[in-house]
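*Asks:* For reference, the structure I am asking about is given below.
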Amino acid sequence: MSNVQQYLDLYREHRELLEQKSSAPLNAPRAAAAEYLADHPLPGKRNERYKYTDADAAFAPNFGLNLHRALALRNPYASCHCSVPDMSTLVLYVVNDVVFPFRDADRLPEGVTVTTLNRAAEECPELVERYYHRAAAAEPANAHKHIDRVERDAVTQLNTLLVQDGVFVHIEAGVQLEHTLQIVFLSSSRHVLMSNRRLLIVAEEDAKADFLLCEHADAGHGFLTTQVTEVYAADRACLNFYSLEETQPDNARFSNIYVEQQAESRVSLNGIALVTGLSRTMINARLLGVGADCQTTGAVIADGRQQVDNSILVDHVAEACTSDMLFKYVLDGESEAAFSGKVLVRPGAQRTLSHQNSANLCVSPDARVHSQPMLEIYADDVRCNHGSTIGKLDETALLYLRQRGIPEKEARLLLQHAFINDVLQRVQIDALRERLSYLVEMRFRGELRHCKNCRHH
Amino acid sequence: MLEIRNLHASVEGKEILRGVNLTIGDGEVHVLMGPNGSGKSTLSHVLVGNPKFEVTKGEIVFNGKDLLELSPEDRSHEGVFMSFQAPIEIPGVSMTNFMRAALNAKRKYFGQDPMPAAEFLKMLREKRKLVGLDAHFMSRGVNEGFSGGERKRNEIFQMAVLEPTFSILDETDSGLDVDALRIVAEGFNQLRTPKTSALVITHYQRMLDYLTPDFVHVLVNGRIVKEGNASLGYEIEQRGFDWIKEEADRQSL
Ligand SMILES: Nc1ncnc2c1ncn2[C@@H]1O[C@H](COP(=O)(O)OP(=O)(O)OP(=O)(O)O)[C@@H](O)[C@H]1O
Ligand SMILES: [Mg+2]
């Protein structure tokens, strides 16, 4: 029996409470999600996209949930300062699955809304109804091929079943957010806890914004989070997401990101996993408008028994879109990481330009990496290339540095940092790039406890 | 300065050096010549401690210390420098950061504090001028996109920054155009002191002209088979190596 059963039981038992503490648009798709999950076990190694992460096993423990919407034990404004030197951000805290009041609301420009999904459901119901669980519920990209085996993502379904609130961001046409919107996710509890988080981001025509998403967790308890993010970028909208994960070795997270892009929109998703336990990120980006551009970038630094999995699908539906994937992993200890990136070029998506690159460095003999760039092309006028490398640290380079007097440990560190460097170079904000570069260095030195400025008290 | 005694070394199980003896005194410049594949670069790599090369026999004493006991980085701190025959690219490590890390590691070895930033940058500028390397090279990755000749200049630039007492120049002259060779050789000569020595590997007479070496050694098949002064170098340029090989064969019979 699948481990999904305990969540279905929980849902049936507490349905009233769950829905009462939530809003109509969030309640609407629950029944369908329950129906789906009743027939579909949580995915494991037999499912193509979960080949490298056994979700079913990760959901096995009996996690507690915060169905009563009790506020978290920790007030993040009092206990946590997550900031980047020389960078002014607007900060929103989410502790477990509770969105804390947004104190920087008065610094938002006209035309930008940052609030909770439940409040948005009251204040602008038509927007929430229109976008909530639309991209996430879209037909999977394999639908045109395997009509008989259309699989929705069970983790997204489970999130939809249990989620009670989330973050809502709306940017009106032509509005540019000058300051980066930073959302800090914290897991903090006295008990093992499951949090189901949700993000809905809607950017209208020509809107522009940068997001910094930080994920932290207290030590000592196993946390499991599911996070479903939906991003809608209208014509010429430009959105950059930088996410940084610095949690705990006993933390498990499943982050599913759905992106819909209209004509000439540009979306970049840049994720750095510094410390984690089990971390799976799935991105499904659909390029629906002519000339859209989607960039997915990731760096993974793992050791111990950490497991990281990036499963990316960029679906070229419209003509003349461009996409670029760049993923770099440095794996030590007995860590295991996977990259599977697929570019799907639909019939008619002529003049598609795509590039995929996965490069991996295994610095210990017990680290394992799976790298699988894939192309599926149904149009003839396209330029798509992909590359994948798995290697060890370059001994010749190491000797070169040591000959100049740089001690071996330091030389290894420099080379590992250099390896990650092109991912860092994709960060457009100077102060953030420097900060991330510093954190990466600290991580390689084994001196990263917290992101330092984000000192938890 | 340096004394190599009966050195045997192999790479991947294959013996390359088969009993090398070589003594280099303070302030001396020695030239090492020899046919391709005779083991000149192998000797250099053994001197700097490349772990790929295994010393099976013999010893190397450097300023009274057992060189073979030292790590590559400690050999560097003790004053050994090699200008690589084929310097590699290290994208993502900027030249400035590289030199800062190298210099400060050496200072740390001798119990000194890191060099203050302003002083460091001023020093880099001076050393760059010595070999005619433009400022923009400093912000690029180590040798990243450098031409063959630029890489060689960069090697001598690094030598200038680190101020070694014993330098190995492995074919630093090949790949340099006429003007660059003059600049690099003049730079090298400026760095010379009565306390610094060098082992210069070259195939060409031009290098002999600039460096006026004290001794020339010829390495054939992993052994030094002939030694002389600069005139031996010019003779090789004229006559090649065959006569030396024949001479060596006759002697070993
Ligand atoms: N890493 C290695 N693996 C296997 N063989 C090697 C390796 N390095 C050197 N050799 C071999 O050792 C021998 C000596 O090489 P070495 O590079 O020392 O010659 P050299 O005298 O410097 O030649 P050149 O004048 O061409 O630079 C050659 O036969 C070479 O193929
Ligand atoms: Mg050589």
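Scheme for the structure tokens: letters A, B, ... for chains in order shown; per-chain residue numbers from 1; ligand numbers from 1 in order shown.
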Write out as a ChimeraX atom specification which residues come within 8 Å of Leu2 in chain B when counting only C-alpha atoms, dropping same-chain ones fewer than 5 positions away.

*Replies:* /B:22-25,60-63

*Asks:* Go ahead and save the picked residues with N, CA, C and O atoms, as a compact mmCIF listing (two decimals), in the first residue's frame.

*Replies:*
# COMPACT_ATOMS: atom_id res chain seq x y z
N LEU B 22 73.29 15.79 -10.96
CA LEU B 22 73.38 17.19 -11.39
C LEU B 22 73.56 18.07 -10.16
O LEU B 22 72.84 17.93 -9.17
N THR B 23 74.53 18.96 -10.22
CA THR B 23 74.75 19.88 -9.10
C THR B 23 74.68 21.31 -9.61
O THR B 23 75.30 21.64 -10.62
N ILE B 24 73.87 22.12 -8.94
CA ILE B 24 73.72 23.52 -9.34
C ILE B 24 74.08 24.40 -8.15
O ILE B 24 73.50 24.26 -7.07
N GLY B 25 75.03 25.29 -8.36
CA GLY B 25 75.46 26.18 -7.27
C GLY B 25 74.68 27.48 -7.26
O GLY B 25 73.96 27.81 -8.20
N ILE B 60 67.58 14.11 -3.68
CA ILE B 60 67.72 15.50 -4.11
C ILE B 60 67.85 16.36 -2.85
O ILE B 60 66.98 16.34 -1.98
N VAL B 61 68.96 17.04 -2.77
CA VAL B 61 69.15 17.93 -1.62
C VAL B 61 69.05 19.37 -2.10
O VAL B 61 69.70 19.76 -3.07
N PHE B 62 68.18 20.13 -1.45
CA PHE B 62 67.96 21.52 -1.85
C PHE B 62 68.26 22.41 -0.65
O PHE B 62 67.55 22.34 0.36
N ASN B 63 69.30 23.20 -0.76
CA ASN B 63 69.72 24.05 0.35
C ASN B 63 69.76 23.29 1.67
O ASN B 63 69.22 23.74 2.68

*Asks:* Kindly provide, as a PyMOL selection string, all nucleotide and amino acid residues lying within 7 Å of ligand 1, counting only C-alpha atoms and all ligand atoms.

*Replies:* chain B and resi 11-12+16+34-43+52

*Asks:* Using only C-alpha atoms, find which residues of chain A lie within 7 Å of chain B and jot them down as number ranges by chain.

*Replies:* A: 397, 399, 402-407, 414, 418-419, 421

*Asks:* Find the residues near range 175-187 of chain A: any atom within 8 Å, counting only C-alpha atoms, skip ones fewer than 3 places away on the same chain, and give them as a ChimeraX atom specification.

*Replies:* /A:82,88-96,108-112,171-172,206-218,223

*Asks:* Could you check which of B:Asp66, B:Glu171, B:Glu119, B:Asp179 is closest to ligand 2, using only C-alpha atoms and all ligand atoms?

*Replies:*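 Looking only at the distances to ligand 2, the closest residue turns out to be B:Glu171.
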
*Asks:* I need the residues of range 38-219 of chain A that end up classed as strand (DSSP E) by DSSP on the backbone, written out as a PyMOL selection string.

*Replies:* chain A and resi 89-95+98-99+112-116+167-171+180-187+193-203+208-217

*Asks:* Going by DSSP on the backbone, which residues of range 201-437 of chain A come out as alpha helix (DSSP H)? List them as an MDAnalysis selection string.

*Replies:* chainID A and resid 395:403 408:424 430:437

*Asks:* Between CA of Asp56 in chain A and CA of Glu19 in chain A, what distance in Å does the model show, to one decimal?

*Replies:*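 For CA of Asp56 in chain A relative to CA of Glu19 in chain A, the distance reads 25.3 Å.
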
*Asks:* Calculated over only C-alpha atoms and all ligand atoms, which of the candidates B:Val31, B:Ala230, B:Ile201, B:Met95 has the smallest distance to ligand 2?

*Replies:* B:Ile201

*Asks:* When you look at range 186-197 of chain B with a cut-off of 9 Å (counting only C-alpha atoms), what residues show up, excluding the ones that are within fewer than 4 positions of it in the same chain? I need them as a short mmCIF file (atom, residue, chain, number, x, y, z; two decimals) with N, CA and C atoms, in the first residue's frame.

*Replies:*
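Final output, selection34.cif:
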data_model
loop_
_atom_site.label_atom_id
_atom_site.label_comp_id
_atom_site.auth_asym_id
_atom_site.auth_seq_id
_atom_site.Cartn_x
_atom_site.Cartn_y
_atom_site.Cartn_z
N MET B 1 73.22 24.94 -3.75
CA MET B 1 71.77 25.14 -3.96
C MET B 1 71.05 23.81 -4.16
N ILE B 24 73.87 22.12 -8.94
CA ILE B 24 73.72 23.52 -9.34
C ILE B 24 74.08 24.40 -8.15
N GLY B 25 75.03 25.29 -8.36
CA GLY B 25 75.46 26.18 -7.27
C GLY B 25 74.68 27.48 -7.26
N ASP B 26 74.83 28.24 -6.16
CA ASP B 26 74.16 29.54 -6.04
C ASP B 26 74.56 30.45 -7.19
N GLY B 27 73.59 31.14 -7.76
CA GLY B 27 73.85 32.13 -8.79
C GLY B 27 74.12 31.56 -10.17
N GLU B 28 74.09 30.24 -10.31
CA GLU B 28 74.41 29.63 -11.60
C GLU B 28 73.18 29.43 -12.47
N VAL B 29 73.40 29.55 -13.78
CA VAL B 29 72.36 29.21 -14.74
C VAL B 29 72.82 27.99 -15.53
N HIS B 30 72.05 26.91 -15.44
CA HIS B 30 72.37 25.68 -16.17
C HIS B 30 71.35 25.48 -17.27
N LEU B 130 57.24 44.30 -16.06
CA LEU B 130 58.50 43.62 -16.31
C LEU B 130 58.41 42.66 -17.51
N VAL B 131 57.26 42.01 -17.66
CA VAL B 131 57.11 41.06 -18.77
C VAL B 131 56.13 41.56 -19.83
N ILE B 156 56.49 33.75 -16.47
CA ILE B 156 57.59 34.56 -15.95
C ILE B 156 57.07 35.66 -15.02
N PHE B 157 55.85 36.13 -15.33
CA PHE B 157 55.21 37.10 -14.44
C PHE B 157 55.03 36.49 -13.04
N MET B 159 56.69 34.09 -11.79
CA MET B 159 58.02 33.94 -11.20
C MET B 159 58.45 35.26 -10.56
N ALA B 160 58.16 36.36 -11.27
CA ALA B 160 58.54 37.67 -10.74
C ALA B 160 57.81 37.96 -9.43
N GLU B 163 59.24 35.45 -6.62
CA GLU B 163 60.68 35.60 -6.33
C GLU B 163 61.34 34.34 -5.81
N PRO B 164 61.34 33.28 -6.64
CA PRO B 164 61.96 32.03 -6.21
C PRO B 164 63.48 32.14 -6.20
N THR B 165 64.13 31.20 -5.52
CA THR B 165 65.59 31.18 -5.56
C THR B 165 66.08 30.21 -6.62
N PHE B 166 65.24 29.23 -6.94
CA PHE B 166 65.62 28.28 -7.98
C PHE B 166 64.48 28.11 -8.97
N SER B 167 64.73 28.49 -10.23
CA SER B 167 63.67 28.45 -11.23
C SER B 167 63.99 27.43 -12.31
N ILE B 168 62.95 26.69 -12.68
CA ILE B 168 63.09 25.77 -13.80
C ILE B 168 62.27 26.37 -14.94
N LEU B 181 60.33 37.05 -26.74
CA LEU B 181 61.45 36.30 -26.17
C LEU B 181 62.45 37.26 -25.52
N ARG B 182 62.72 38.36 -26.23
CA ARG B 182 63.66 39.33 -25.69
C ARG B 182 63.13 39.91 -24.37
N TYR B 210 70.76 34.97 -24.90
CA TYR B 210 70.27 35.89 -23.87
C TYR B 210 70.77 35.55 -22.48
N LEU B 211 70.88 34.25 -22.20
CA LEU B 211 71.09 33.87 -20.80
C LEU B 211 72.54 33.65 -20.41
#

*Asks:* What is the CA of Thr229 in chain A-CA of Asp422 in chain A distance in Å, reported with one decimal?

*Replies:*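 That distance, rounded to one decimal, is 25.8 Å.
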
*Asks:* Expressed in Å to a single decimal, how great is the separation between CA of Asp209 in chain B and CA of Arg153 in chain B?

*Replies:*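 For CA of Asp209 in chain B relative to CA of Arg153 in chain B, the distance reads 18.6 Å.
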
*Asks:* May I have the residues within 7 Å of Leu224 in chain A as a PyMOL selection string, using only C-alpha atoms and disregarding those fewer than 5 positions away in the same chain?

*Replies:* chain A and resi 193-195+251-253
